[in-house]
file protein.cif (mmCIF, C-alpha atoms)
data_structure
#
loop_
_atom_site.group_PDB
_atom_site.id
_atom_site.type_symbol
_atom_site.label_atom_id
_atom_site.label_comp_id
_atom_site.auth_asym_id
_atom_site.auth_seq_id
_atom_site.Cartn_x
_atom_site.Cartn_y
_atom_site.Cartn_z
ATOM 1 C CA MET D 1 103.107 65.032 102.269
ATOM 2 C CA GLN D 2 104.253 66.373 98.923
ATOM 3 C CA THR D 3 104.784 70.087 98.436
ATOM 4 C CA ALA D 4 106.031 72.041 95.417
ATOM 5 C CA VAL D 5 107.773 75.341 94.743
ATOM 6 C CA ILE D 6 107.270 76.994 91.354
ATOM 7 C CA ARG D 7 110.358 78.510 89.741
ATOM 8 C CA PHE D 8 110.149 81.432 87.329
ATOM 9 C CA PRO D 9 113.028 83.162 85.586
ATOM 10 C CA ALA D 10 114.448 85.454 88.325
ATOM 11 C CA SER D 11 112.684 83.836 91.256
ATOM 12 C CA ASN D 12 115.147 84.205 94.121
ATOM 13 C CA CYS D 13 113.364 82.919 97.228
ATOM 14 C CA ASP D 14 112.640 79.504 95.759
ATOM 15 C CA ARG D 15 115.461 77.905 97.743
ATOM 16 C CA ASP D 16 114.390 79.636 100.976
ATOM 17 C CA ALA D 17 110.888 78.279 100.459
ATOM 18 C CA ALA D 18 112.236 74.797 99.757
ATOM 19 C CA VAL D 19 114.375 74.786 102.916
ATOM 20 C CA ALA D 20 111.397 75.897 105.012
ATOM 21 C CA LEU D 21 109.085 73.262 103.520
ATOM 22 C CA GLU D 22 111.604 70.462 103.961
ATOM 23 C CA LYS D 23 112.252 71.503 107.547
ATOM 24 C CA ILE D 24 108.582 71.086 108.396
ATOM 25 C CA THR D 25 107.467 68.200 106.182
ATOM 26 C CA GLY D 26 110.725 66.245 106.334
ATOM 27 C CA ARG D 27 110.458 65.809 102.581
ATOM 28 C CA LYS D 28 112.023 67.792 99.770
ATOM 29 C CA PRO D 29 109.493 69.819 97.800
ATOM 30 C CA LEU D 30 109.339 69.333 94.048
ATOM 31 C CA MET D 31 110.860 72.272 92.214
ATOM 32 C CA VAL D 32 108.607 72.937 89.234
ATOM 33 C CA TRP D 33 109.770 75.021 86.277
ATOM 34 C CA HIS D 34 107.288 77.627 85.002
ATOM 35 C CA ARG D 35 107.094 76.117 81.521
ATOM 36 C CA GLU D 36 105.564 72.922 82.812
ATOM 37 C CA THR D 37 101.926 72.698 81.853
ATOM 38 C CA GLU D 38 100.827 70.563 84.780
ATOM 39 C CA LEU D 39 101.710 70.122 88.426
ATOM 40 C CA PRO D 40 103.220 66.699 89.126
ATOM 41 C CA SER D 41 100.578 64.376 90.554
ATOM 42 C CA GLY D 42 100.291 64.146 94.321
ATOM 43 C CA VAL D 43 101.257 67.733 95.115
ATOM 44 C CA GLN D 44 99.163 68.974 98.055
ATOM 45 C CA PHE D 45 100.607 72.409 98.754
ATOM 46 C CA VAL D 46 102.192 74.893 96.351
ATOM 47 C CA VAL D 47 104.419 77.869 97.146
ATOM 48 C CA MET D 48 104.871 80.756 94.721
ATOM 49 C CA PRO D 49 108.228 82.149 95.811
ATOM 50 C CA GLY D 50 109.543 85.680 96.019
ATOM 51 C CA GLY D 51 111.864 87.236 93.496
ATOM 52 C CA PHE D 52 111.677 89.443 90.458
ATOM 53 C CA SER D 53 110.090 87.137 87.904
ATOM 54 C CA TYR D 54 110.731 88.367 84.360
ATOM 55 C CA GLY D 55 112.581 91.368 85.773
ATOM 56 C CA ASP D 56 109.258 92.838 86.947
ATOM 57 C CA TYR D 57 108.661 93.785 83.299
ATOM 58 C CA LEU D 58 105.260 95.301 82.461
ATOM 59 C CA ARG D 59 103.977 94.918 86.051
ATOM 60 C CA CYS D 60 105.344 92.845 88.935
ATOM 61 C CA GLY D 61 104.126 89.275 88.502
ATOM 62 C CA ALA D 62 102.168 90.027 85.319
ATOM 63 C CA ILE D 63 104.149 87.896 82.886
ATOM 64 C CA ALA D 64 104.643 85.018 85.340
ATOM 65 C CA SER D 65 100.917 84.941 86.075
ATOM 66 C CA ARG D 66 100.228 84.129 82.403
ATOM 67 C CA SER D 67 102.572 81.134 82.297
ATOM 68 C CA PRO D 68 101.098 77.671 81.643
ATOM 69 C CA ILE D 69 101.844 76.261 85.096
ATOM 70 C CA VAL D 70 99.988 79.111 86.815
ATOM 71 C CA GLN D 71 96.885 78.381 84.746
ATOM 72 C CA ASP D 72 97.015 74.761 85.901
ATOM 73 C CA ILE D 73 97.528 75.805 89.538
ATOM 74 C CA LYS D 74 94.612 78.234 89.248
ATOM 75 C CA ASN D 75 92.346 75.477 87.935
ATOM 76 C CA ARG D 76 93.418 73.126 90.710
ATOM 77 C CA SER D 77 92.993 75.820 93.370
ATOM 78 C CA GLU D 78 89.383 76.144 92.280
ATOM 79 C CA ARG D 79 89.061 72.482 93.228
ATOM 80 C CA GLY D 80 90.672 73.085 96.639
ATOM 81 C CA LEU D 81 94.468 72.914 96.161
ATOM 82 C CA ALA D 82 96.238 74.951 98.886
ATOM 83 C CA VAL D 83 98.512 77.689 97.499
ATOM 84 C CA ALA D 84 100.603 80.376 99.196
ATOM 85 C CA GLY D 85 102.541 83.204 97.566
ATOM 86 C CA PHE D 86 105.132 85.364 99.286
ATOM 87 C CA CYS D 87 106.309 88.732 97.976
ATOM 88 C CA ASN D 88 106.565 88.308 94.186
ATOM 89 C CA GLY D 89 104.460 85.167 94.675
ATOM 90 C CA PHE D 90 101.679 87.342 96.155
ATOM 91 C CA GLN D 91 101.976 89.705 93.190
ATOM 92 C CA ILE D 92 101.657 86.730 90.816
ATOM 93 C CA LEU D 93 98.530 85.474 92.626
ATOM 94 C CA THR D 94 96.804 88.867 92.367
ATOM 95 C CA GLU D 95 97.810 89.231 88.711
ATOM 96 C CA ALA D 96 96.430 85.741 88.052
ATOM 97 C CA GLY D 97 93.115 86.779 89.602
ATOM 98 C CA MET D 98 93.492 84.162 92.355
ATOM 99 C CA LEU D 99 93.457 86.861 95.040
ATOM 100 C CA PRO D 100 91.672 90.232 94.944
ATOM 101 C CA GLY D 101 93.443 93.591 94.627
ATOM 102 C CA VAL D 102 96.860 94.551 93.350
ATOM 103 C CA LEU D 103 100.305 95.446 94.733
ATOM 104 C CA MET D 104 101.436 98.903 93.680
ATOM 105 C CA ARG D 105 104.724 100.808 94.003
ATOM 106 C CA ASN D 106 105.499 101.614 97.673
ATOM 107 C CA LYS D 107 103.986 104.904 98.686
ATOM 108 C CA ASP D 108 107.314 106.636 99.360
ATOM 109 C CA LEU D 109 108.909 104.963 96.287
ATOM 110 C CA LYS D 110 111.589 103.281 98.389
ATOM 111 C CA PHE D 111 112.603 99.645 98.415
ATOM 112 C CA VAL D 112 112.045 98.449 101.987
ATOM 113 C CA CYS D 113 114.169 95.661 103.442
ATOM 114 C CA ARG D 114 113.837 95.094 107.174
ATOM 115 C CA PRO D 115 112.218 92.905 109.816
ATOM 116 C CA GLU D 116 108.575 93.918 110.053
ATOM 117 C CA ARG D 117 106.171 93.511 112.955
ATOM 118 C CA LEU D 118 102.809 92.115 111.923
ATOM 119 C CA LYS D 119 99.573 91.630 113.761
ATOM 120 C CA VAL D 120 97.865 88.292 113.293
ATOM 121 C CA GLU D 121 94.377 89.512 112.534
ATOM 122 C CA SER D 122 92.640 86.182 112.738
ATOM 123 C CA ASN D 123 93.629 82.625 113.567
ATOM 124 C CA LYS D 124 90.446 81.211 112.096
ATOM 125 C CA SER D 125 92.063 80.195 108.853
ATOM 126 C CA ARG D 126 94.042 77.285 107.498
ATOM 127 C CA PHE D 127 97.123 79.527 107.292
ATOM 128 C CA THR D 128 97.073 81.017 110.788
ATOM 129 C CA SER D 129 95.459 78.442 113.089
ATOM 130 C CA LYS D 130 98.696 77.921 115.070
ATOM 131 C CA PHE D 131 99.052 81.602 115.963
ATOM 132 C CA GLU D 132 97.422 83.314 118.895
ATOM 133 C CA ALA D 133 94.768 85.697 117.597
ATOM 134 C CA LYS D 134 95.854 89.354 117.727
ATOM 135 C CA SER D 135 99.415 88.322 118.563
ATOM 136 C CA GLU D 136 102.401 90.034 117.019
ATOM 137 C CA VAL D 137 104.973 88.280 114.850
ATOM 138 C CA MET D 138 108.123 89.362 113.058
ATOM 139 C CA PHE D 139 108.675 88.482 109.389
ATOM 140 C CA PRO D 140 111.201 90.154 107.089
ATOM 141 C CA VAL D 141 110.005 92.285 104.175
ATOM 142 C CA ALA D 142 112.043 93.096 101.056
ATOM 143 C CA HIS D 143 110.068 94.763 98.288
ATOM 144 C CA HIS D 144 109.541 97.816 96.124
ATOM 145 C CA ASP D 145 105.948 97.101 95.125
ATOM 146 C CA GLY D 146 104.005 95.999 98.172
ATOM 147 C CA ASN D 147 101.439 98.740 98.466
ATOM 148 C CA TYR D 148 98.170 96.798 98.626
ATOM 149 C CA PHE D 149 95.289 98.410 96.781
ATOM 150 C CA ALA D 150 91.741 97.306 96.049
ATOM 151 C CA ASP D 151 88.633 99.275 95.156
ATOM 152 C CA LYS D 152 86.301 100.244 97.980
ATOM 153 C CA ASP D 153 83.787 97.440 97.427
ATOM 154 C CA THR D 154 86.478 94.780 97.278
ATOM 155 C CA LEU D 155 88.155 96.162 100.380
ATOM 156 C CA ASN D 156 84.863 96.166 102.297
ATOM 157 C CA ARG D 157 84.134 92.649 101.153
ATOM 158 C CA ILE D 158 87.466 91.155 102.231
ATOM 159 C CA GLU D 159 87.363 92.993 105.553
ATOM 160 C CA LYS D 160 83.821 91.828 106.319
ATOM 161 C CA SER D 161 84.490 88.229 105.416
ATOM 162 C CA GLY D 162 87.646 88.078 107.551
ATOM 163 C CA GLN D 163 90.021 87.565 104.626
ATOM 164 C CA VAL D 164 92.663 89.921 106.013
ATOM 165 C CA LEU D 165 94.939 87.649 108.063
ATOM 166 C CA PHE D 166 97.960 89.876 108.708
ATOM 167 C CA ARG D 167 98.347 93.647 109.145
ATOM 168 C CA TYR D 168 101.485 95.741 109.464
ATOM 169 C CA ALA D 169 102.073 97.208 112.913
ATOM 170 C CA ASP D 170 104.118 99.963 111.257
ATOM 171 C CA ASN D 171 102.975 100.220 107.619
ATOM 172 C CA PRO D 172 106.121 100.232 105.439
ATOM 173 C CA ASN D 173 104.547 100.716 101.996
ATOM 174 C CA GLY D 174 101.214 102.527 102.143
ATOM 175 C CA SER D 175 98.996 99.436 101.925
ATOM 176 C CA LEU D 176 95.318 100.212 102.439
ATOM 177 C CA ASN D 177 94.131 99.277 105.946
ATOM 178 C CA ASP D 178 97.750 98.194 106.718
ATOM 179 C CA ILE D 179 97.056 94.958 104.858
ATOM 180 C CA ALA D 180 100.039 92.595 104.758
ATOM 181 C CA GLY D 181 98.422 89.241 103.937
ATOM 182 C CA ILE D 182 95.068 88.024 102.650
ATOM 183 C CA VAL D 183 93.316 84.783 101.862
ATOM 184 C CA ASN D 184 90.696 84.100 99.193
ATOM 185 C CA GLN D 185 87.065 83.642 100.099
ATOM 186 C CA GLU D 186 87.328 79.860 99.939
ATOM 187 C CA GLY D 187 90.269 79.917 102.356
ATOM 188 C CA ASN D 188 92.766 77.884 100.309
ATOM 189 C CA VAL D 189 94.812 80.578 98.508
ATOM 190 C CA PHE D 190 96.947 82.944 100.558
ATOM 191 C CA GLY D 191 99.332 85.775 99.720
ATOM 192 C CA MET D 192 101.512 88.138 101.727
ATOM 193 C CA MET D 193 104.348 90.562 100.994
ATOM 194 C CA PRO D 194 106.456 89.597 104.067
ATOM 195 C CA HIS D 195 108.537 86.409 104.046
ATOM 196 C CA PRO D 196 107.535 83.722 106.579
ATOM 197 C CA GLU D 197 109.988 81.367 104.835
ATOM 198 C CA ARG D 198 112.815 83.632 106.003
ATOM 199 C CA ALA D 199 111.785 83.301 109.648
ATOM 200 C CA VAL D 200 112.024 79.554 110.296
ATOM 201 C CA ASP D 201 115.480 79.197 111.848
ATOM 202 C CA VAL D 202 117.133 80.855 114.840
ATOM 203 C CA MET D 203 119.905 81.875 112.453
ATOM 204 C CA HIS D 204 117.261 83.970 110.630
ATOM 205 C CA GLY D 205 116.832 86.029 113.779
ATOM 206 C CA GLY D 206 113.404 84.583 114.529
ATOM 207 C CA THR D 207 111.195 81.573 113.970
ATOM 208 C CA ASP D 208 107.724 83.106 113.807
ATOM 209 C CA GLY D 209 107.323 81.719 110.275
ATOM 210 C CA LEU D 210 107.211 78.143 111.571
ATOM 211 C CA ASN D 211 103.646 78.534 112.817
ATOM 212 C CA PHE D 212 102.555 79.691 109.396
ATOM 213 C CA PHE D 213 103.816 76.534 107.697
ATOM 214 C CA LYS D 214 102.658 74.297 110.544
ATOM 215 C CA SER D 215 99.159 75.787 110.283
ATOM 216 C CA ILE D 216 98.619 75.123 106.615
ATOM 217 C CA LEU D 217 100.464 71.818 106.481
ATOM 218 C CA GLU D 218 98.434 70.424 109.364
ATOM 219 C CA THR D 219 95.215 70.931 107.390
ATOM 220 C CA ILE D 220 96.360 68.785 104.476
ATOM 221 C CA MET Y 1 100.461 98.747 60.842
ATOM 222 C CA LYS Y 2 101.307 99.998 64.294
ATOM 223 C CA ALA Y 3 99.285 100.144 67.467
ATOM 224 C CA HIS Y 4 100.109 102.461 70.319
ATOM 225 C CA VAL Y 5 98.676 101.432 73.659
ATOM 226 C CA TYR Y 6 98.671 104.059 76.393
ATOM 227 C CA VAL Y 7 98.314 102.574 79.870
ATOM 228 C CA GLY Y 8 97.771 104.792 82.904
ATOM 229 C CA LEU Y 9 96.415 104.666 86.410
ATOM 230 C CA LYS Y 10 92.690 105.235 86.861
ATOM 231 C CA SER Y 11 91.751 108.499 88.479
ATOM 232 C CA GLY Y 12 91.560 108.163 92.229
ATOM 233 C CA VAL Y 13 94.430 105.679 92.360
ATOM 234 C CA LEU Y 14 97.429 107.132 94.181
ATOM 235 C CA ASP Y 15 100.285 107.796 91.732
ATOM 236 C CA PRO Y 16 103.385 108.440 93.865
ATOM 237 C CA GLN Y 17 105.639 108.582 90.793
ATOM 238 C CA GLY Y 18 103.496 111.238 89.136
ATOM 239 C CA ARG Y 19 103.392 113.199 92.376
ATOM 240 C CA THR Y 20 107.173 113.077 92.695
ATOM 241 C CA ILE Y 21 107.597 114.237 89.079
ATOM 242 C CA ALA Y 22 105.274 117.188 89.688
ATOM 243 C CA ARG Y 23 107.116 118.135 92.867
ATOM 244 C CA SER Y 24 110.471 117.920 91.103
ATOM 245 C CA LEU Y 25 109.241 120.136 88.244
ATOM 246 C CA ASN Y 26 107.987 122.651 90.812
ATOM 247 C CA ASN Y 27 111.441 122.606 92.405
ATOM 248 C CA LEU Y 28 112.949 123.444 89.005
ATOM 249 C CA GLY Y 29 110.774 126.521 88.797
ATOM 250 C CA PHE Y 30 107.917 125.123 86.712
ATOM 251 C CA ASP Y 31 105.314 126.452 89.108
ATOM 252 C CA GLU Y 32 102.484 126.008 86.610
ATOM 253 C CA VAL Y 33 102.614 122.199 87.036
ATOM 254 C CA GLU Y 34 99.705 121.321 89.312
ATOM 255 C CA SER Y 35 99.943 117.562 88.968
ATOM 256 C CA ALA Y 36 101.533 114.887 86.821
ATOM 257 C CA PHE Y 37 100.569 111.335 86.004
ATOM 258 C CA GLN Y 38 102.986 108.716 84.802
ATOM 259 C CA GLY Y 39 101.871 105.966 82.474
ATOM 260 C CA LYS Y 40 103.457 103.861 79.777
ATOM 261 C CA VAL Y 41 103.268 103.478 76.028
ATOM 262 C CA ILE Y 42 103.493 100.094 74.375
ATOM 263 C CA GLU Y 43 104.118 100.118 70.632
ATOM 264 C CA LEU Y 44 103.052 97.044 68.713
ATOM 265 C CA ASN Y 45 104.002 96.241 65.125
ATOM 266 C CA LEU Y 46 101.155 94.272 63.631
ATOM 267 C CA THR Y 47 100.639 92.276 60.459
ATOM 268 C CA GLY Y 48 97.410 92.747 58.491
ATOM 269 C CA THR Y 49 95.592 95.812 57.161
ATOM 270 C CA ASP Y 50 92.161 95.583 58.784
ATOM 271 C CA VAL Y 51 92.133 98.449 61.287
ATOM 272 C CA VAL Y 52 88.823 97.509 62.907
ATOM 273 C CA ALA Y 53 89.904 93.907 63.436
ATOM 274 C CA ALA Y 54 93.271 95.066 64.774
ATOM 275 C CA GLU Y 55 91.633 97.359 67.285
ATOM 276 C CA ALA Y 56 89.487 94.521 68.598
ATOM 277 C CA ARG Y 57 92.531 92.275 68.911
ATOM 278 C CA VAL Y 58 94.580 94.917 70.715
ATOM 279 C CA LYS Y 59 91.687 95.540 73.104
ATOM 280 C CA ASP Y 60 91.755 91.828 73.895
ATOM 281 C CA MET Y 61 95.528 92.081 74.498
ATOM 282 C CA CYS Y 62 94.948 94.949 76.933
ATOM 283 C CA GLU Y 63 92.355 92.982 78.876
ATOM 284 C CA LYS Y 64 94.457 89.816 78.960
ATOM 285 C CA LEU Y 65 97.902 91.243 79.681
ATOM 286 C CA LEU Y 66 98.833 94.834 78.890
ATOM 287 C CA ALA Y 67 96.723 96.550 81.563
ATOM 288 C CA ASN Y 68 95.636 95.536 85.039
ATOM 289 C CA THR Y 69 92.104 96.906 84.990
ATOM 290 C CA VAL Y 70 91.899 96.897 88.788
ATOM 291 C CA ILE Y 71 94.002 100.075 88.776
ATOM 292 C CA GLU Y 72 94.758 100.928 85.153
ATOM 293 C CA ASN Y 73 92.888 102.096 82.099
ATOM 294 C CA TYR Y 74 94.121 102.113 78.533
ATOM 295 C CA ARG Y 75 93.703 103.885 75.214
ATOM 296 C CA ILE Y 76 94.474 102.398 71.821
ATOM 297 C CA GLU Y 77 95.642 104.217 68.697
ATOM 298 C CA ILE Y 78 95.950 102.261 65.480
ATOM 299 C CA LYS Y 79 98.238 103.753 62.852
ATOM 300 C CA PRO Y 80 97.630 102.146 59.447
ATOM 301 C CA ASP Y 81 100.714 101.474 57.379
ATOM 302 C CA THR Y 82 100.815 104.320 54.842
ATOM 303 C CA LYS Y 83 102.741 102.258 52.292
ATOM 304 C CA ALA Y 84 100.244 99.415 52.413
ATOM 305 C CA ALA Y 85 97.375 101.871 51.980
ATOM 306 C CA GLU Y 86 98.738 103.362 48.774
#
call {"tool": "encode", "arguments": {"input": "protein.cif", "output": "structure tokens"}}
result
Amino acid sequence: MQTAVIRFPASNCDRDAAVALEKITGRKPLMVWHRETELPSGVQFVVMPGGFSYGDYLRCGAIASRSPIVQDIKNRSERGLAVAGFCNGFQILTEAGMLPGVLMRNKDLKFVCRPERLKVESNKSRFTSKFEAKSEVMFPVAHHDGNYFADKDTLNRIEKSGQVLFRYADNPNGSLNDIAGIVNQEGNVFGMMPHPERAVDVMHGGTDGLNFFKSILETI
Amino acid sequence: MKAHVYVGLKSGVLDPQGRTIARSLNNLGFDEVESAFQGKVIELNLTGTDVVAAEARVKDMCEKLLANTVIENYRIEIKPDTKAAE
């Protein structure tokens, strides 16, 4: 199976994502530069990595979300391509309009960097099928702008349709409804502020992230 | 000509930075400050002299990039080039 990681100027979790993907697929992901206009053919799963693309200028993820490769990924996602974004990758997906809502400055204005306990809200999704429903997992977080916000109607809609897949056990950033990770209505685009790619090796202090990658990769 | 774009959070959206600014001003003795809101100003230098056309273009820029309308609103001020107008 061929996967890809998109690299933007100041991405910094691209290598972490690549190591995680190779560990599970046994095949190196393609590293795709943001100025490319098209994904290489044959790519079946795309990761938008964490980092500080474009120095977080204007708004986190805003400039990256307007790059040519993201437009191509958006078009392909509308035809079913599986995409996941972590941290800055999540911010890029919301800015691109591929996921609802927006990530705002953390409520207490602090950068949070720590292991975070999350509740798996549902395992009826392509991204969480390998987890036990309502189980607790530990993924690291490291962000300044992870405060999930959406207007009331949007929030009601994503809650009702089961699009909230992960919630914080101990909300670190003020996110509405403790939301940590969501999927789009079609079920093929996922974003979360925590880093499953940094929880795939015992040396990371935990391997709860493995089930995330195994879930989505099994469906492809 | 110049365009000034003022981008700010919509009312009802939590603005922790504005709240912190207000609190800090209160701590400095400015008790009359009830609340503060922090936004940003983007100044654009534009070619052309057609103010109406420029305003429409800048509005398009706001919708496509400068503001995230999920949480932000924006206001545009066009300042015609005085030299060009003479």
call {"tool": "axis_aligned_box", "arguments": {"input": "protein.cif", "around": "stretch 113-130 of chain D", "padding_each_side": "4 Å", "output": "lines of an AutoDock Vina configuration file"}}
result
center_x = 102.3
center_y = 86.5
center_z = 109.3
size_x = 31.7
size_y = 26.4
size_z = 19.6
call {"tool": "atom_distance", "arguments": {"input": "protein.cif", "atom1": "atom CA of D:Gly162", "atom2": "atom CA of D:Asp145"}}
result
23.9 Å
call {"tool": "closest_residue", "arguments": {"input": "protein.cif", "among": "D:His144, D:Lys214, D:Arg126, D:Lys23", "to": "D:Gly51", "atoms": "all atoms listed in the file"}}
result
D:His144
call {"tool": "residues_around", "arguments": {"input": "protein.cif", "residues": "stretch 34-49 of chain Y", "least_positions_apart": "6", "cutoff": "9 Å", "atoms": "only C-alpha atoms", "output": "JSON, numbers by chain"}}
result
{"Y": [1, 2, 3, 4, 5, 6, 7, 8, 9, 15, 16, 17, 18, 19, 20, 21, 22, 23, 26, 58, 66, 80, 81, 84, 85]}
call {"tool": "resolve_selection", "arguments": {"input": "protein.cif", "expression": "the PyMOL selection byres ((chain D) within 10 of (chain Y))", "output": "ChimeraX atom specification"}}
result
/D:58-59,62-63,65-66,94-95,100-109,149-151,174
call {"tool": "atom_distance", "arguments": {"input": "protein.cif", "atom1": "atom CA of D:Ser215", "atom2": "atom CA of D:Phe131"}}
result
8.1 Å
call {"tool": "residues_near_point", "arguments": {"input": "protein.cif", "point": "(107.0, 77.7, 85.0)", "cutoff": "9 Å", "atoms": "all atoms listed in the file", "output": "MDAnalysis selection string"}}
result
chainID D and resid 6:9 32:37 64 67:70
call {"tool": "residues_around", "arguments": {"input": "protein.cif", "residues": "D:Cys87", "least_positions_apart": "3", "cutoff": "6 Å", "atoms": "only C-alpha atoms", "output": "number ranges by chain"}}
result
D: 50, 90, 193
call {"tool": "atom_distance", "arguments": {"input": "protein.cif", "atom1": "atom CA of D:Asn211", "atom2": "atom CA of D:Lys134"}}
result
14.2 Å
call {"tool": "closest_residue", "arguments": {"input": "protein.cif", "among": "D:Ser122, D:Ser77, D:Ser41, D:Ser135", "to": "D:Glu159", "atoms": "only C-alpha atoms"}}
result
D:Ser122
call {"tool": "resolve_selection", "arguments": {"input": "protein.cif", "expression": "the PyMOL selection byres ((chain D and resi 99) around 8)", "output": "ChimeraX atom specification"}}
result
/D:93-94,96-98,100-101,182-184,189-191
call {"tool": "write_last_selection", "arguments": {"input": "protein.cif", "atoms": "C-alpha atoms", "output": "PDB file, in the frame of the given file"}}
result
ATOM      1  CA  LEU D  93      98.530  85.474  92.626  1.00  0.00           C
ATOM      2  CA  THR D  94      96.804  88.867  92.367  1.00  0.00           C
ATOM      3  CA  ALA D  96      96.430  85.741  88.052  1.00  0.00           C
ATOM      4  CA  GLY D  97      93.115  86.779  89.602  1.00  0.00           C
ATOM      5  CA  MET D  98      93.492  84.162  92.355  1.00  0.00           C
ATOM      6  CA  PRO D 100      91.672  90.232  94.944  1.00  0.00           C
ATOM      7  CA  GLY D 101      93.443  93.591  94.627  1.00  0.00           C
ATOM      8  CA  ILE D 182      95.068  88.024 102.650  1.00  0.00           C
ATOM      9  CA  VAL D 183      93.316  84.783 101.862  1.00  0.00           C
ATOM     10  CA  ASN D 184      90.696  84.100  99.193  1.00  0.00           C
ATOM     11  CA  VAL D 189      94.812  80.578  98.508  1.00  0.00           C
ATOM     12  CA  PHE D 190      96.947  82.944 100.558  1.00  0.00           C
ATOM     13  CA  GLY D 191      99.332  85.775  99.720  1.00  0.00           C
TER      14      GLY D 191
END
call {"tool": "resolve_selection", "arguments": {"input": "protein.cif", "expression": "the PyMOL selection byres ((chain D and resi 12) around 12)", "output": "list in words"}}
result
Val5, Ile6, Arg7, Phe8, Pro9, Ala10, Ser11, Cys13, Asp14, Arg15, Asp16, Ala17, Ala18, Met48, Pro49, Gly50, Gly51, Phe52, Ser53, Tyr54, Gly55, Phe86, Cys87, Asn88, Gly89 and Ala142 of chain D
call {"tool": "residues_around", "arguments": {"input": "protein.cif", "residues": "Y:Ala56", "least_positions_apart": "5", "cutoff": "12 Å", "atoms": "only C-alpha atoms", "output": "list in words"}}
result
Ala3, Asp50, Val51, Met61, Cys62, Glu63, Ile76, Glu77 and Ile78 of chain Y
call {"tool": "write_last_selection", "arguments": {"input": "protein.cif", "atoms": "C-alpha atoms", "output": "mmCIF file, in the frame of the given file"}}
result
data_model
loop_
_atom_site.group_PDB
_atom_site.id
_atom_site.type_symbol
_atom_site.label_atom_id
_atom_site.label_comp_id
_atom_site.auth_asym_id
_atom_site.auth_seq_id
_atom_site.Cartn_x
_atom_site.Cartn_y
_atom_site.Cartn_z
ATOM 1 C CA ALA Y 3 99.285 100.144 67.467
ATOM 2 C CA ASP Y 50 92.161 95.583 58.784
ATOM 3 C CA VAL Y 51 92.133 98.449 61.287
ATOM 4 C CA MET Y 61 95.528 92.081 74.498
ATOM 5 C CA CYS Y 62 94.948 94.949 76.933
ATOM 6 C CA GLU Y 63 92.355 92.982 78.876
ATOM 7 C CA ILE Y 76 94.474 102.398 71.821
ATOM 8 C CA GLU Y 77 95.642 104.217 68.697
ATOM 9 C CA ILE Y 78 95.950 102.261 65.480
#
call {"tool": "decode", "arguments": {"input": "protein.cif", "residues": "stretch 2-34 of chain Y", "atoms": "C-alpha atoms", "output": "short mmCIF file (atom, residue, chain, number, x, y, z; two decimals), in the first residue's frame"}}
result
data_model
loop_
_atom_site.label_atom_id
_atom_site.label_comp_id
_atom_site.auth_asym_id
_atom_site.auth_seq_id
_atom_site.Cartn_x
_atom_site.Cartn_y
_atom_site.Cartn_z
CA LYS Y 2 -4.33 51.47 -0.11
CA ALA Y 3 -6.79 49.10 1.47
CA HIS Y 4 -6.99 48.53 5.19
CA VAL Y 5 -8.63 45.28 6.20
CA TYR Y 6 -9.69 44.96 9.83
CA VAL Y 7 -10.21 41.36 10.91
CA GLY Y 8 -11.73 40.53 14.29
CA LEU Y 9 -13.54 37.76 16.08
CA LYS Y 10 -17.31 37.62 15.72
CA SER Y 11 -19.25 38.52 18.82
CA GLY Y 12 -19.93 35.48 20.94
CA VAL Y 13 -16.60 33.87 20.07
CA LEU Y 14 -14.35 33.61 23.12
CA ASP Y 15 -11.40 36.01 22.82
CA PRO Y 16 -8.91 34.98 25.53
CA GLN Y 17 -6.31 37.48 24.29
CA GLY Y 18 -8.75 40.38 24.50
CA ARG Y 19 -9.82 39.24 27.95
CA THR Y 20 -6.22 39.10 29.14
CA ILE Y 21 -5.54 42.59 27.75
CA ALA Y 22 -8.57 43.98 29.59
CA ARG Y 23 -7.52 42.31 32.83
CA SER Y 24 -3.98 43.64 32.49
CA LEU Y 25 -5.26 47.19 31.87
CA ASN Y 26 -7.46 46.87 34.96
CA ASN Y 27 -4.39 45.81 36.93
CA LEU Y 28 -2.62 48.98 35.76
CA GLY Y 29 -5.41 51.07 37.20
CA PHE Y 30 -7.49 51.57 34.06
CA ASP Y 31 -10.68 50.54 35.81
CA GLU Y 32 -12.90 51.98 33.09
CA VAL Y 33 -11.92 49.15 30.69
CA GLU Y 34 -14.85 46.73 30.71
#
